[in-house]
>>> print(open('data_9.cif').read())   # mmCIF, C-alpha atoms
data_final
loop_
_atom_site.label_atom_id
_atom_site.label_comp_id
_atom_site.auth_asym_id
_atom_site.auth_seq_id
_atom_site.Cartn_x
_atom_site.Cartn_y
_atom_site.Cartn_z
CA MET Z 22 -46.99 -8.29 -33.49
CA ALA Z 23 -47.65 -4.82 -32.14
CA CYS Z 24 -49.09 -6.29 -28.91
CA GLN Z 25 -46.01 -8.47 -28.33
CA GLY Z 26 -43.78 -5.44 -28.82
CA LEU Z 27 -45.74 -3.48 -26.18
CA ALA Z 28 -45.65 -6.36 -23.67
CA SER Z 29 -41.90 -6.82 -23.86
CA GLY Z 30 -41.40 -3.03 -23.69
CA GLU Z 31 -43.39 -2.81 -20.45
CA THR Z 32 -41.64 -5.78 -18.89
CA LEU Z 33 -38.26 -4.25 -19.73
CA LYS Z 34 -39.33 -0.95 -18.12
CA SER Z 35 -40.82 -2.53 -14.99
CA LEU Z 36 -37.80 -4.80 -14.56
CA LYS Z 37 -35.49 -1.81 -14.81
CA ALA Z 38 -37.58 0.10 -12.26
CA GLU Z 39 -37.56 -2.84 -9.82
CA SER Z 40 -33.83 -3.22 -10.33
CA GLU Z 41 -33.31 0.48 -9.57
CA THR Z 42 -35.35 0.24 -6.36
CA LEU Z 43 -33.38 -2.78 -5.15
CA ARG Z 44 -30.05 -1.17 -6.06
CA LYS Z 45 -31.03 1.90 -4.00
CA LYS Z 46 -32.03 -0.32 -1.06
CA LEU Z 47 -28.71 -2.17 -1.30
CA GLU Z 48 -26.84 1.16 -1.30
CA GLU Z 49 -28.79 2.28 1.80
CA GLU Z 50 -28.09 -0.95 3.68
CA ARG Z 51 -24.39 -0.70 2.86
CA LYS Z 52 -24.28 3.01 3.74
CA LYS Z 53 -25.72 2.40 7.22
CA LEU Z 54 -22.66 0.35 8.11
CA HIS Z 55 -20.18 2.75 6.53
CA ASP Z 56 -19.48 4.39 9.86
CA VAL Z 57 -15.79 5.13 9.32
CA GLU Z 58 -13.14 5.14 6.60
CA LEU Z 59 -10.39 2.48 6.59
CA GLU Z 60 -7.84 5.31 6.31
CA LYS Z 61 -9.14 6.82 9.56
CA VAL Z 62 -8.86 3.51 11.42
CA ALA Z 63 -5.38 3.10 9.90
CA GLU Z 64 -4.12 6.41 11.33
CA LYS Z 65 -3.13 4.37 14.37
CA ALA Z 66 -0.99 2.04 12.24
CA GLU Z 67 2.75 2.58 12.14
CA ALA Z 68 3.98 4.33 9.01
CA LEU Z 69 5.96 2.26 6.56
CA GLY Z 70 9.64 3.01 6.15
CA GLU Z 71 10.95 3.98 2.74
CA LEU Z 72 10.99 1.05 0.37
CA ASN Z 73 13.98 0.17 -1.76
CA MET Z 74 12.87 -2.45 -4.28
CA LYS Z 75 15.60 -3.85 -6.50
CA THR Z 76 15.41 -6.04 -9.58
CA ARG Z 77 17.27 -9.27 -8.81
CA ARG Z 78 16.61 -11.26 -11.98
CA THR Z 79 15.44 -10.46 -15.50
CA LEU Z 80 14.05 -13.49 -17.32
CA LYS Z 81 14.63 -13.13 -21.05
CA GLY Z 82 13.57 -15.67 -23.60
CA HIS Z 83 10.04 -14.96 -24.72
CA GLY Z 84 9.88 -13.71 -28.29
CA ASN Z 85 6.72 -11.74 -27.70
CA LYS Z 86 4.51 -10.12 -25.05
CA VAL Z 87 4.34 -11.91 -21.70
CA LEU Z 88 0.64 -12.14 -20.83
CA CYS Z 89 0.54 -14.19 -17.65
CA MET Z 90 2.76 -15.78 -15.01
CA ASP Z 91 2.45 -17.92 -11.89
CA TRP Z 92 4.81 -19.13 -9.16
CA CYS Z 93 5.32 -22.75 -8.21
CA LYS Z 94 4.78 -23.61 -4.54
CA ASP Z 95 8.52 -24.38 -4.35
CA LYS Z 96 9.03 -20.57 -4.39
CA ARG Z 97 11.63 -20.73 -7.14
CA ARG Z 98 9.98 -21.89 -10.33
CA ILE Z 99 7.82 -19.66 -12.49
CA VAL Z 100 5.60 -20.46 -15.46
CA SER Z 101 4.91 -17.71 -18.01
CA SER Z 102 2.89 -17.55 -21.21
CA SER Z 103 3.12 -15.31 -24.22
CA GLN Z 104 1.28 -13.85 -27.20
CA ASP Z 105 3.22 -16.07 -29.62
CA GLY Z 106 1.96 -19.27 -28.02
CA LYS Z 107 5.07 -20.15 -26.01
CA VAL Z 108 4.81 -21.26 -22.38
CA ILE Z 109 8.09 -21.36 -20.44
CA VAL Z 110 8.96 -22.77 -17.01
CA TRP Z 111 11.88 -20.90 -15.39
CA ASP Z 112 14.09 -21.42 -12.37
CA ALA Z 113 13.98 -17.86 -10.98
CA PHE Z 114 17.15 -18.36 -8.87
CA THR Z 115 19.35 -19.29 -11.85
CA THR Z 116 17.21 -17.80 -14.70
CA ASN Z 117 17.49 -21.16 -16.49
CA LYS Z 118 14.61 -22.26 -18.70
CA GLU Z 119 13.57 -25.69 -17.53
CA HIS Z 120 10.74 -26.43 -19.94
CA ALA Z 121 9.24 -24.83 -23.00
CA VAL Z 122 5.99 -25.67 -24.74
CA THR Z 123 4.59 -24.25 -27.95
CA MET Z 124 0.80 -24.09 -27.77
CA PRO Z 125 -1.23 -24.57 -30.96
CA THR Z 126 -2.70 -21.09 -30.40
CA THR Z 127 -1.54 -17.52 -29.99
CA TRP Z 128 -2.41 -15.19 -27.09
CA VAL Z 129 -1.97 -17.61 -24.22
CA MET Z 130 -3.64 -15.31 -21.71
CA ALA Z 131 -3.71 -17.67 -18.77
CA CYS Z 132 -1.24 -20.04 -17.15
CA ALA Z 133 -1.01 -21.67 -13.74
CA TYR Z 134 1.29 -23.99 -11.81
CA ALA Z 135 -0.23 -27.09 -10.21
CA PRO Z 136 0.06 -27.26 -6.39
CA SER Z 137 2.29 -30.36 -6.67
CA GLY Z 138 4.67 -28.56 -9.02
CA CYS Z 139 4.32 -31.48 -11.43
CA ALA Z 140 2.10 -29.87 -14.04
CA ILE Z 141 1.09 -26.56 -15.60
CA ALA Z 142 -2.19 -25.40 -17.11
CA CYS Z 143 -2.60 -22.82 -19.85
CA GLY Z 144 -4.94 -21.53 -22.54
CA GLY Z 145 -6.10 -18.50 -24.49
CA LEU Z 146 -7.61 -17.95 -27.92
CA ASP Z 147 -8.11 -21.68 -28.34
CA ASN Z 148 -11.02 -21.37 -25.81
CA LYS Z 149 -9.54 -24.27 -23.86
CA CYS Z 150 -7.51 -24.89 -20.75
CA SER Z 151 -4.91 -27.62 -21.26
CA VAL Z 152 -2.80 -29.37 -18.63
CA TYR Z 153 0.79 -30.42 -19.36
CA PRO Z 154 2.44 -32.82 -16.90
CA LEU Z 155 6.05 -31.67 -16.45
CA SER Z 156 8.58 -34.33 -17.29
CA LEU Z 157 11.92 -34.67 -15.56
CA ASP Z 158 13.37 -35.68 -18.91
CA LYS Z 159 14.36 -32.46 -20.64
CA ASP Z 160 14.17 -33.99 -24.10
CA GLU Z 161 10.68 -35.32 -23.72
CA ASN Z 162 8.07 -33.60 -25.81
CA LEU Z 163 5.63 -32.18 -23.27
CA SER Z 164 2.91 -31.77 -25.89
CA ALA Z 165 2.65 -35.54 -26.23
CA LYS Z 166 1.07 -35.88 -22.77
CA LYS Z 167 -1.09 -32.74 -23.02
CA LYS Z 168 -4.64 -33.03 -21.72
CA SER Z 169 -7.51 -30.76 -22.79
CA VAL Z 170 -9.52 -30.07 -19.66
CA ALA Z 171 -11.80 -27.05 -20.11
CA MET Z 172 -13.88 -26.06 -23.12
CA HIS Z 173 -15.40 -22.60 -23.28
CA THR Z 174 -17.17 -20.88 -26.15
CA ASN Z 175 -14.79 -17.94 -26.12
CA TYR Z 176 -11.22 -17.13 -25.05
CA LEU Z 177 -9.77 -18.38 -21.77
CA SER Z 178 -8.85 -15.35 -19.64
CA GLY Z 179 -7.79 -17.03 -16.40
CA CYS Z 180 -7.16 -20.41 -14.81
CA THR Z 181 -6.10 -21.71 -11.43
CA PHE Z 182 -5.85 -25.13 -9.81
CA THR Z 183 -7.93 -25.48 -6.67
CA ASN Z 184 -6.28 -27.04 -3.61
CA SER Z 185 -5.07 -30.08 -5.56
CA ASP Z 186 -3.93 -31.02 -9.06
CA MET Z 187 -7.35 -32.59 -9.60
CA GLN Z 188 -9.54 -29.56 -10.24
CA ILE Z 189 -9.18 -26.39 -12.28
CA LEU Z 190 -11.19 -23.19 -12.13
CA THR Z 191 -11.39 -21.18 -15.36
CA SER Z 192 -12.73 -17.80 -16.48
CA SER Z 193 -13.68 -16.95 -20.03
CA GLY Z 194 -14.63 -14.29 -22.55
CA ASP Z 195 -17.89 -16.23 -22.88
CA GLY Z 196 -19.06 -14.56 -19.64
CA THR Z 197 -18.81 -17.62 -17.42
CA SER Z 198 -16.41 -19.24 -14.97
CA ALA Z 199 -16.27 -23.00 -14.54
CA LEU Z 200 -14.87 -25.73 -12.31
CA TRP Z 201 -13.49 -28.84 -14.08
CA ASP Z 202 -12.21 -32.27 -13.12
CA VAL Z 203 -8.72 -32.55 -14.61
CA GLU Z 204 -8.68 -36.33 -15.07
CA SER Z 205 -12.00 -36.68 -16.91
CA GLY Z 206 -12.39 -33.15 -18.29
CA GLN Z 207 -15.88 -33.13 -16.79
CA LEU Z 208 -17.58 -29.84 -15.99
CA LEU Z 209 -18.30 -29.90 -12.23
CA GLN Z 210 -19.92 -26.50 -11.79
CA SER Z 211 -20.49 -23.42 -13.90
CA PHE Z 212 -20.93 -19.86 -12.69
CA HIS Z 213 -23.26 -17.47 -14.51
CA GLY Z 214 -23.87 -13.88 -13.58
CA HIS Z 215 -21.47 -11.61 -15.44
CA SER Z 216 -23.10 -9.82 -18.34
CA ALA Z 217 -19.86 -9.60 -20.35
CA ASP Z 218 -16.39 -11.21 -20.57
CA VAL Z 219 -14.96 -12.55 -17.32
CA LEU Z 220 -11.36 -11.31 -17.31
CA THR Z 221 -9.94 -12.58 -14.04
CA LEU Z 222 -10.50 -14.84 -11.07
CA ASP Z 223 -8.88 -15.65 -7.73
CA LEU Z 224 -9.53 -18.49 -5.30
CA ALA Z 225 -10.02 -17.67 -1.60
CA PRO Z 226 -7.15 -18.73 0.70
CA SER Z 227 -7.94 -22.31 1.73
CA GLU Z 228 -8.57 -21.47 5.39
CA THR Z 229 -11.50 -19.24 4.52
CA GLY Z 230 -13.62 -21.76 2.73
CA ASN Z 231 -14.89 -22.51 -0.71
CA THR Z 232 -15.31 -19.26 -2.56
CA PHE Z 233 -13.68 -17.38 -5.41
CA VAL Z 234 -13.95 -13.87 -6.81
CA SER Z 235 -14.17 -12.94 -10.51
CA GLY Z 236 -13.96 -9.62 -12.34
CA GLY Z 237 -15.31 -8.71 -15.75
CA SER Z 238 -15.78 -6.30 -18.62
CA ASP Z 239 -19.18 -5.54 -17.06
CA LYS Z 240 -17.21 -3.58 -14.37
CA LYS Z 241 -18.43 -6.00 -11.71
CA ALA Z 242 -16.58 -8.14 -9.21
CA ASN Z 243 -18.59 -11.19 -8.10
CA VAL Z 244 -17.94 -13.57 -5.22
CA TRP Z 245 -19.10 -17.17 -5.79
CA ASP Z 246 -19.72 -20.27 -3.72
CA LEU Z 247 -17.71 -23.07 -5.41
CA ARG Z 248 -20.07 -25.86 -4.41
CA SER Z 249 -23.47 -24.32 -5.13
CA GLY Z 250 -22.50 -22.12 -8.07
CA GLN Z 251 -24.30 -19.21 -6.39
CA ASN Z 252 -23.18 -15.61 -6.72
CA VAL Z 253 -23.06 -14.58 -3.05
CA GLN Z 254 -21.84 -10.98 -3.28
CA SER Z 255 -21.42 -8.43 -6.05
CA PHE Z 256 -19.56 -5.12 -6.26
CA ASP Z 257 -19.97 -2.62 -9.09
CA THR Z 258 -18.15 0.59 -8.15
CA HIS Z 259 -15.47 0.47 -10.85
CA ASP Z 260 -15.93 2.68 -13.90
CA SER Z 261 -14.39 0.28 -16.39
CA ASP Z 262 -13.26 -3.31 -16.99
CA ILE Z 263 -11.80 -5.14 -14.02
CA ASN Z 264 -8.57 -6.75 -15.23
CA CYS Z 265 -7.44 -8.49 -12.08
CA VAL Z 266 -8.80 -9.51 -8.67
CA LYS Z 267 -6.79 -10.87 -5.71
CA TYR Z 268 -7.86 -11.94 -2.24
CA TYR Z 269 -6.37 -10.22 0.78
CA PRO Z 270 -4.22 -12.84 2.62
CA SER Z 271 -6.75 -13.18 5.48
CA GLY Z 272 -9.51 -13.96 2.98
CA ASP Z 273 -11.79 -11.22 4.35
CA ALA Z 274 -11.26 -8.77 1.51
CA PHE Z 275 -10.04 -8.58 -2.06
CA ALA Z 276 -8.35 -6.01 -4.31
CA SER Z 277 -9.11 -5.21 -7.93
CA ALA Z 278 -7.23 -3.52 -10.79
CA SER Z 279 -9.21 -1.74 -13.50
CA ASP Z 280 -8.99 0.07 -16.81
CA ASP Z 281 -10.39 3.07 -14.91
CA SER Z 282 -6.77 3.48 -13.62
CA THR Z 283 -7.70 2.69 -10.01
CA CYS Z 284 -7.22 -0.27 -7.73
CA ARG Z 285 -9.78 -0.79 -4.98
CA LEU Z 286 -10.16 -2.80 -1.79
CA PHE Z 287 -13.49 -4.51 -1.09
CA ASP Z 288 -14.28 -5.71 2.42
CA LEU Z 289 -16.34 -8.92 2.25
CA ARG Z 290 -17.83 -8.74 5.75
CA ALA Z 291 -18.83 -5.07 5.43
CA ASP Z 292 -19.95 -5.88 1.87
CA ARG Z 293 -18.53 -2.67 0.37
CA GLU Z 294 -15.58 -0.95 -1.20
CA VAL Z 295 -13.42 0.46 1.61
CA SER Z 296 -10.46 1.99 -0.19
CA ILE Z 297 -9.46 3.40 -3.59
CA TYR Z 298 -5.81 3.45 -4.65
CA SER Z 299 -5.52 6.21 -7.22
CA LYS Z 300 -3.78 9.45 -8.12
CA ASP Z 301 -4.64 12.19 -10.60
CA SER Z 302 -1.29 11.52 -12.25
CA ILE Z 303 -2.16 7.87 -12.88
CA ILE Z 304 -4.31 7.82 -15.99
CA PHE Z 305 -3.51 4.44 -17.53
CA GLY Z 306 -5.32 1.22 -16.76
CA ALA Z 307 -4.12 -1.10 -13.99
CA ALA Z 308 -3.66 -4.64 -15.29
CA SER Z 309 -2.59 -6.75 -12.34
CA VAL Z 310 -2.38 -6.67 -8.53
CA ASP Z 311 -1.07 -8.78 -5.68
CA PHE Z 312 -0.61 -8.36 -1.91
CA SER Z 313 2.55 -8.86 0.12
CA LEU Z 314 2.26 -11.65 2.73
CA SER Z 315 0.93 -9.43 5.53
CA GLY Z 316 -1.45 -7.63 3.20
CA ARG Z 317 0.13 -4.27 4.05
CA LEU Z 318 1.52 -3.68 0.55
CA LEU Z 319 -0.41 -3.85 -2.72
CA PHE Z 320 1.70 -4.15 -5.86
CA ALA Z 321 -0.05 -3.01 -9.03
CA GLY Z 322 1.18 -3.18 -12.63
CA TYR Z 323 -0.07 -0.58 -15.11
CA ASN Z 324 -0.36 0.04 -18.84
CA ASP Z 325 2.04 3.01 -18.48
CA TYR Z 326 4.85 0.46 -17.87
CA THR Z 327 5.16 1.19 -14.13
CA ILE Z 328 4.45 -0.71 -10.94
CA ASN Z 329 2.95 1.31 -8.08
CA VAL Z 330 3.27 0.01 -4.54
CA TRP Z 331 0.40 1.08 -2.24
CA ASP Z 332 0.05 1.12 1.54
CA VAL Z 333 -3.18 -0.89 1.73
CA LEU Z 334 -4.24 0.51 5.12
CA LYS Z 335 -3.39 4.19 4.70
CA GLY Z 336 -4.29 4.37 1.02
CA THR Z 337 -1.08 6.13 -0.03
CA ARG Z 338 1.48 5.21 -2.66
CA VAL Z 339 4.79 4.20 -1.09
CA ALA Z 340 6.88 3.48 -4.19
CA ILE Z 341 6.84 3.65 -7.98
CA LEU Z 342 8.97 1.11 -9.83
CA PHE Z 343 10.33 1.59 -13.34
CA GLY Z 344 12.20 -0.82 -15.56
CA HIS Z 345 9.75 -2.46 -17.89
CA GLU Z 346 9.69 -1.06 -21.40
CA ASN Z 347 6.06 -1.79 -22.10
CA ARG Z 348 2.82 -2.60 -20.26
CA VAL Z 349 3.05 -4.65 -17.10
CA SER Z 350 0.53 -7.42 -17.78
CA SER Z 351 0.94 -9.76 -14.84
CA LEU Z 352 2.31 -9.56 -11.31
CA ARG Z 353 2.60 -12.12 -8.47
CA VAL Z 354 4.25 -12.24 -5.08
CA SER Z 355 6.20 -15.47 -4.43
CA PRO Z 356 4.57 -18.04 -2.10
CA ASP Z 357 7.00 -17.24 0.73
CA GLY Z 358 6.73 -13.49 0.19
CA THR Z 359 10.46 -12.96 -0.38
CA ALA Z 360 10.10 -11.52 -3.87
CA PHE Z 361 7.59 -10.62 -6.53
CA CYS Z 362 7.67 -11.20 -10.28
CA SER Z 363 6.20 -9.01 -13.02
CA GLY Z 364 5.59 -10.01 -16.64
CA SER Z 365 5.44 -7.41 -19.39
CA TRP Z 366 4.62 -6.72 -23.02
CA ASP Z 367 8.37 -5.96 -23.33
CA ASN Z 368 8.80 -9.80 -23.51
CA THR Z 369 10.57 -10.06 -20.15
CA LEU Z 370 9.83 -10.96 -16.55
CA ARG Z 371 11.50 -9.23 -13.60
CA VAL Z 372 11.94 -10.59 -10.09
CA ARG Z 373 12.25 -7.89 -7.45
CA GLN Z 374 12.94 -7.74 -3.73
CA GLU Z 375 13.17 -5.28 -0.92
CA GLY Z 376 16.79 -4.66 -0.06
CA MET S 24 -23.55 -17.54 -22.75
CA ALA S 25 -24.13 -14.16 -21.06
CA ARG S 26 -23.45 -12.30 -24.26
CA ASP S 27 -26.02 -14.45 -26.09
CA MET S 28 -28.79 -13.62 -23.61
CA SER S 29 -31.48 -11.08 -24.45
CA ASP S 30 -31.65 -7.81 -22.53
CA ILE S 31 -34.73 -9.00 -20.65
CA ASP S 32 -33.06 -12.21 -19.52
CA ILE S 33 -30.03 -10.30 -18.32
CA LEU S 34 -32.26 -7.89 -16.35
CA LYS S 35 -34.16 -10.80 -14.79
CA MET S 36 -30.89 -12.41 -13.78
CA GLU S 37 -29.67 -9.15 -12.23
CA LEU S 38 -32.97 -8.68 -10.39
CA GLU S 39 -32.82 -12.17 -8.86
CA GLN S 40 -29.27 -11.48 -7.76
CA LEU S 41 -30.14 -8.11 -6.21
CA LYS S 42 -32.99 -9.67 -4.20
CA LYS S 43 -30.52 -12.13 -2.68
CA GLU S 44 -27.91 -9.50 -1.96
CA VAL S 45 -30.20 -7.07 -0.17
CA SER S 46 -30.64 -9.65 2.60
CA THR S 47 -26.92 -10.53 2.95
CA PRO S 48 -25.64 -10.14 6.55
CA ARG S 49 -23.14 -7.25 6.87
CA GLU S 50 -20.92 -5.82 9.58
CA PRO S 51 -19.96 -2.19 10.20
CA VAL S 52 -16.77 -0.93 8.54
CA SER S 53 -15.42 0.24 11.92
CA LYS S 54 -15.37 -3.37 13.11
CA THR S 55 -14.11 -5.05 9.94
CA SER S 56 -11.43 -2.40 9.24
CA LYS S 57 -10.05 -2.81 12.74
CA GLU S 58 -9.89 -6.58 12.24
CA THR S 59 -8.17 -6.17 8.87
CA MET S 60 -5.64 -3.80 10.43
CA ASP S 61 -5.01 -6.10 13.41
CA TRP S 62 -4.47 -9.09 11.11
CA CYS S 63 -2.07 -7.05 9.02
CA GLU S 64 -0.04 -5.74 11.95
CA ALA S 65 0.26 -9.21 13.44
CA ALA S 66 1.72 -10.50 10.17
CA SER S 67 3.90 -7.49 9.27
CA GLY S 68 6.96 -8.65 11.24
CA THR S 69 7.38 -11.55 8.85
CA ASP S 70 6.57 -9.66 5.64
CA LEU S 71 9.89 -9.87 3.80
CA LEU S 72 8.86 -7.38 1.13
CA ILE S 73 8.74 -4.77 3.91
CA THR S 74 11.64 -5.86 6.10
CA GLY S 75 13.92 -7.21 3.38
CA VAL S 76 15.67 -10.59 3.38
CA PRO S 77 18.97 -11.03 5.28
CA ASP S 78 21.82 -11.71 2.82
CA ASP S 79 22.74 -15.09 4.22
CA LYS S 80 19.20 -16.36 3.71
CA ASN S 81 18.58 -14.71 0.36
CA PRO S 82 18.62 -17.05 -2.65
CA TYR S 83 18.80 -14.08 -5.02
CA LYS S 84 21.99 -12.62 -3.60
CA PRO S 85 25.23 -14.11 -4.98
CA GLU S 86 27.14 -16.10 -2.35
CA LYS S 87 30.61 -14.75 -2.85
CA GLY S 88 31.90 -11.81 -4.79
CA GLY S 89 30.29 -10.80 -8.05
CA CYS S 90 27.59 -8.22 -8.32
CA ILE S 91 24.22 -7.85 -9.88
CA ILE S 92 23.90 -4.98 -12.29
CA THR S 93 20.32 -3.84 -12.46
#
>>> encode(input="data_9.cif", output="structure tokens")
Amino acid sequence: MACQGLASGETLKSLKAESETLRKKLEEERKKLHDVELEKVAEKAEALGELNMKTRRTLKGHGNKVLCMDWCKDKRRIVSSSQDGKVIVWDAFTTNKEHAVTMPTTWVMACAYAPSGCAIACGGLDNKCSVYPLSLDKDENLSAKKKSVAMHTNYLSGCTFTNSDMQILTSSGDGTSALWDVESGQLLQSFHGHSADVLTLDLAPSETGNTFVSGGSDKKANVWDLRSGQNVQSFDTHDSDINCVKYYPSGDAFASASDDSTCRLFDLRADREVSIYSKDSIIFGAASVDFSLSGRLLFAGYNDYTINVWDVLKGTRVAILFGHENRVSSLRVSPDGTAFCSGSWDNTLRVRQEG
Amino acid sequence: MARDMSDIDILKMELEQLKKEVSTPREPVSKTSKETMDWCEAASGTDLLITGVPDDKNPYKPEKGGCIIT
């Protein structure tokens, strides 16, 4: 008994020491290539003009906190999910509700539109990701054709279709992410490496290959190879949970939003953090981020009810947007970059544009 | 899964990962930042959240009369 205790104690200590040595080596390797700051390189970039973002539509209809939203590829439809279990599909141009589903669970933390626009996926405290084909018949009960695709052992925090309606990538409070076949519900690949809840994921833009990035309560952002399941890169500079990760439009970098009240930019080829978007006056957690089409602007939604717009290259804040009456939980730029939508704990969604 | 693993198993997993990462190929920030900036500048002309959308092409602006109270 006593001997076993000693053995495991030594292994723990030696493992920690080896880990420390490798971490230091990794830091050194990364430091060698940190020959300039992004902000310095960006001094040559033209300054942005003053932004004038206006709310064009307010989508009202959820009876409780909006937790997640996603755009359809048709650039006008939006799916949103709420704490009370309701999932609504909206036409953002007219604000009409086209479909509504009541999930058999509360806290639907994740929802996604299928690339074809013919289905939506959602899940939350039920630990599953379910797919609902969208019917053209308004009276049809969508729940009748519901398909359970993913099964985790804890809450579903995020989901996204891959390049087709046939596969879904999910992230979960059980610490894993997973790739599933929609038709059969079969698990195609699972991704292990986070040491706590995985809170968010984002798929790389299709031109840049088969990877995705995930962020977790372990303060880490991990980049994964979809086919092999390998964790290819890892970043751990945040001081708290990472609530959202989004790829830069070129696929060579990604941004993160964290409870440590900062957003950061990580360059994948330099393998390091290259920018921090923060201010002393911003003390509440950042919940969601997305880039404008060129990647010049980073929109970030915070727990203090505001949206801050950052100049990605120069690292400065270019606008602060008010309007929501509670936390901004989710934020996405439309597929054609003409507008962006934010979902909030004030039960509404707002579509905004420059103009 | 991860939360059910013992501390030792988690450390072993992290160690394996670190060994792989130390040998990852990397490029200097001066090079990658310039590329990021160039990509961004090339695309900025068509970034409608910076330039704004002309009224006649904007699905969110009403076509005739009316106004949106925000």
>>> atom_distance(input="data_9.cif", atom1="CA of Asp262 (chain Z)", atom2="CA of His213 (chain Z)")
17.5 Å
>>> resolve_selection(input="data_9.cif", expression="the PyMOL selection byres ((chain Z and resi 190-201) around 7)", output="ChimeraX atom specification")
/Z:170-171,173-183,188-189,202-203,206-213,215-222 /S:24-26
>>> interface_residues(input="data_9.cif", of="chain S", to="chain Z", cutoff="7 Å", atoms="all atoms listed in the file", output="PyMOL selection string")
chain S and resi 24-26+31+33-34+38+41-42+44-45+49-53+55-57+60+63+66-67+70-73+75-76+82-83+93
>>> atom_distance(input="data_9.cif", atom1="CA of Asp325 (chain Z)", atom2="CA of Asp260 (chain Z)")
18.5 Å
>>> residues_around(input="data_9.cif", residues="Asp332 (chain Z)", least_positions_apart="4", cutoff="7 Å", atoms="only C-alpha atoms", output="list in words")
Arg317, Leu318, Leu319, Gly336, Thr337, Arg338 and Val339 of chain Z
>>> write_last_selection(input="data_9.cif", atoms="C-alpha atoms", output="mmCIF file, in the coordinates of the input")
data_model
loop_
_atom_site.group_PDB
_atom_site.id
_atom_site.type_symbol
_atom_site.label_atom_id
_atom_site.label_comp_id
_atom_site.auth_asym_id
_atom_site.auth_seq_id
_atom_site.Cartn_x
_atom_site.Cartn_y
_atom_site.Cartn_z
ATOM 1 C CA ARG Z 317 0.130 -4.270 4.050
ATOM 2 C CA LEU Z 318 1.520 -3.680 0.550
ATOM 3 C CA LEU Z 319 -0.410 -3.850 -2.720
ATOM 4 C CA GLY Z 336 -4.290 4.370 1.020
ATOM 5 C CA THR Z 337 -1.080 6.130 -0.030
ATOM 6 C CA ARG Z 338 1.480 5.210 -2.660
ATOM 7 C CA VAL Z 339 4.790 4.200 -1.090
#
>>> residues_near_point(input="data_9.cif", point="(-16.5, 0.2, -10.3)", cutoff="12 Å", atoms="only C-alpha atoms", output="tab-separated table (two decimals) with C-alpha atoms, in the coordinates of the input")
chain	number	residue	atom	x	y	z
Z	236	GLY	CA	-13.96	-9.62	-12.34
Z	237	GLY	CA	-15.31	-8.71	-15.75
Z	238	SER	CA	-15.78	-6.30	-18.62
Z	239	ASP	CA	-19.18	-5.54	-17.06
Z	240	LYS	CA	-17.21	-3.58	-14.37
Z	241	LYS	CA	-18.43	-6.00	-11.71
Z	242	ALA	CA	-16.58	-8.14	-9.21
Z	243	ASN	CA	-18.59	-11.19	-8.10
Z	255	SER	CA	-21.42	-8.43	-6.05
Z	256	PHE	CA	-19.56	-5.12	-6.26
Z	257	ASP	CA	-19.97	-2.62	-9.09
Z	258	THR	CA	-18.15	0.59	-8.15
Z	259	HIS	CA	-15.47	0.47	-10.85
Z	260	ASP	CA	-15.93	2.68	-13.90
Z	261	SER	CA	-14.39	0.28	-16.39
Z	262	ASP	CA	-13.26	-3.31	-16.99
Z	263	ILE	CA	-11.80	-5.14	-14.02
Z	264	ASN	CA	-8.57	-6.75	-15.23
Z	276	ALA	CA	-8.35	-6.01	-4.31
Z	277	SER	CA	-9.11	-5.21	-7.93
Z	278	ALA	CA	-7.23	-3.52	-10.79
Z	279	SER	CA	-9.21	-1.74	-13.50
Z	280	ASP	CA	-8.99	0.07	-16.81
Z	281	ASP	CA	-10.39	3.07	-14.91
Z	282	SER	CA	-6.77	3.48	-13.62
Z	283	THR	CA	-7.70	2.69	-10.01
Z	284	CYS	CA	-7.22	-0.27	-7.73
Z	285	ARG	CA	-9.78	-0.79	-4.98
Z	286	LEU	CA	-10.16	-2.80	-1.79
Z	287	PHE	CA	-13.49	-4.51	-1.09
Z	293	ARG	CA	-18.53	-2.67	0.37
Z	294	GLU	CA	-15.58	-0.95	-1.20
Z	296	SER	CA	-10.46	1.99	-0.19
Z	297	ILE	CA	-9.46	3.40	-3.59
>>> atom_distance(input="data_9.cif", atom1="CA of Ser309 (chain Z)", atom2="CA of Asn329 (chain Z)")
10.7 Å
>>> residues_around(input="data_9.cif", residues="Thr327 (chain Z)", least_positions_apart="6", cutoff="7 Å", atoms="all atoms listed in the file", output="list of chain:residue names")
Z:Ile341, Z:Leu342, Z:Phe343, Z:His345, Z:Val349
>>> decode(input="data_9.cif", residues="region 148-153 of chain Z", atoms="N, CA and C atoms", output="JSON list (two decimals), in the first residue's frame")
[["chain", "number", "residue", "atom", "x", "y", "z"],
["Z", 148, "ASN", "N", -27.64, 16.17, -23.88],
["Z", 148, "ASN", "CA", -26.38, 15.50, -24.25],
["Z", 148, "ASN", "C", -26.37, 15.00, -25.68],
["Z", 149, "LYS", "N", -27.38, 15.40, -26.47],
["Z", 149, "LYS", "CA", -27.45, 14.90, -27.84],
["Z", 149, "LYS", "C", -27.40, 16.04, -28.83],
["Z", 150, "CYS", "N", -27.14, 15.67, -30.11],
["Z", 150, "CYS", "CA", -27.35, 16.63, -31.19],
["Z", 150, "CYS", "C", -28.39, 16.00, -32.09],
["Z", 151, "SER", "N", -29.51, 16.68, -32.30],
["Z", 151, "SER", "CA", -30.58, 16.16, -33.14],
["Z", 151, "SER", "C", -30.71, 16.98, -34.40],
["Z", 152, "VAL", "N", -31.06, 16.30, -35.50],
["Z", 152, "VAL", "CA", -31.24, 16.98, -36.78],
["Z", 152, "VAL", "C", -32.72, 16.98, -37.14],
["Z", 153, "TYR", "N", -33.25, 18.16, -37.50],
["Z", 153, "TYR", "CA", -34.65, 18.29, -37.92],
["Z", 153, "TYR", "C", -34.67, 18.70, -39.39]]
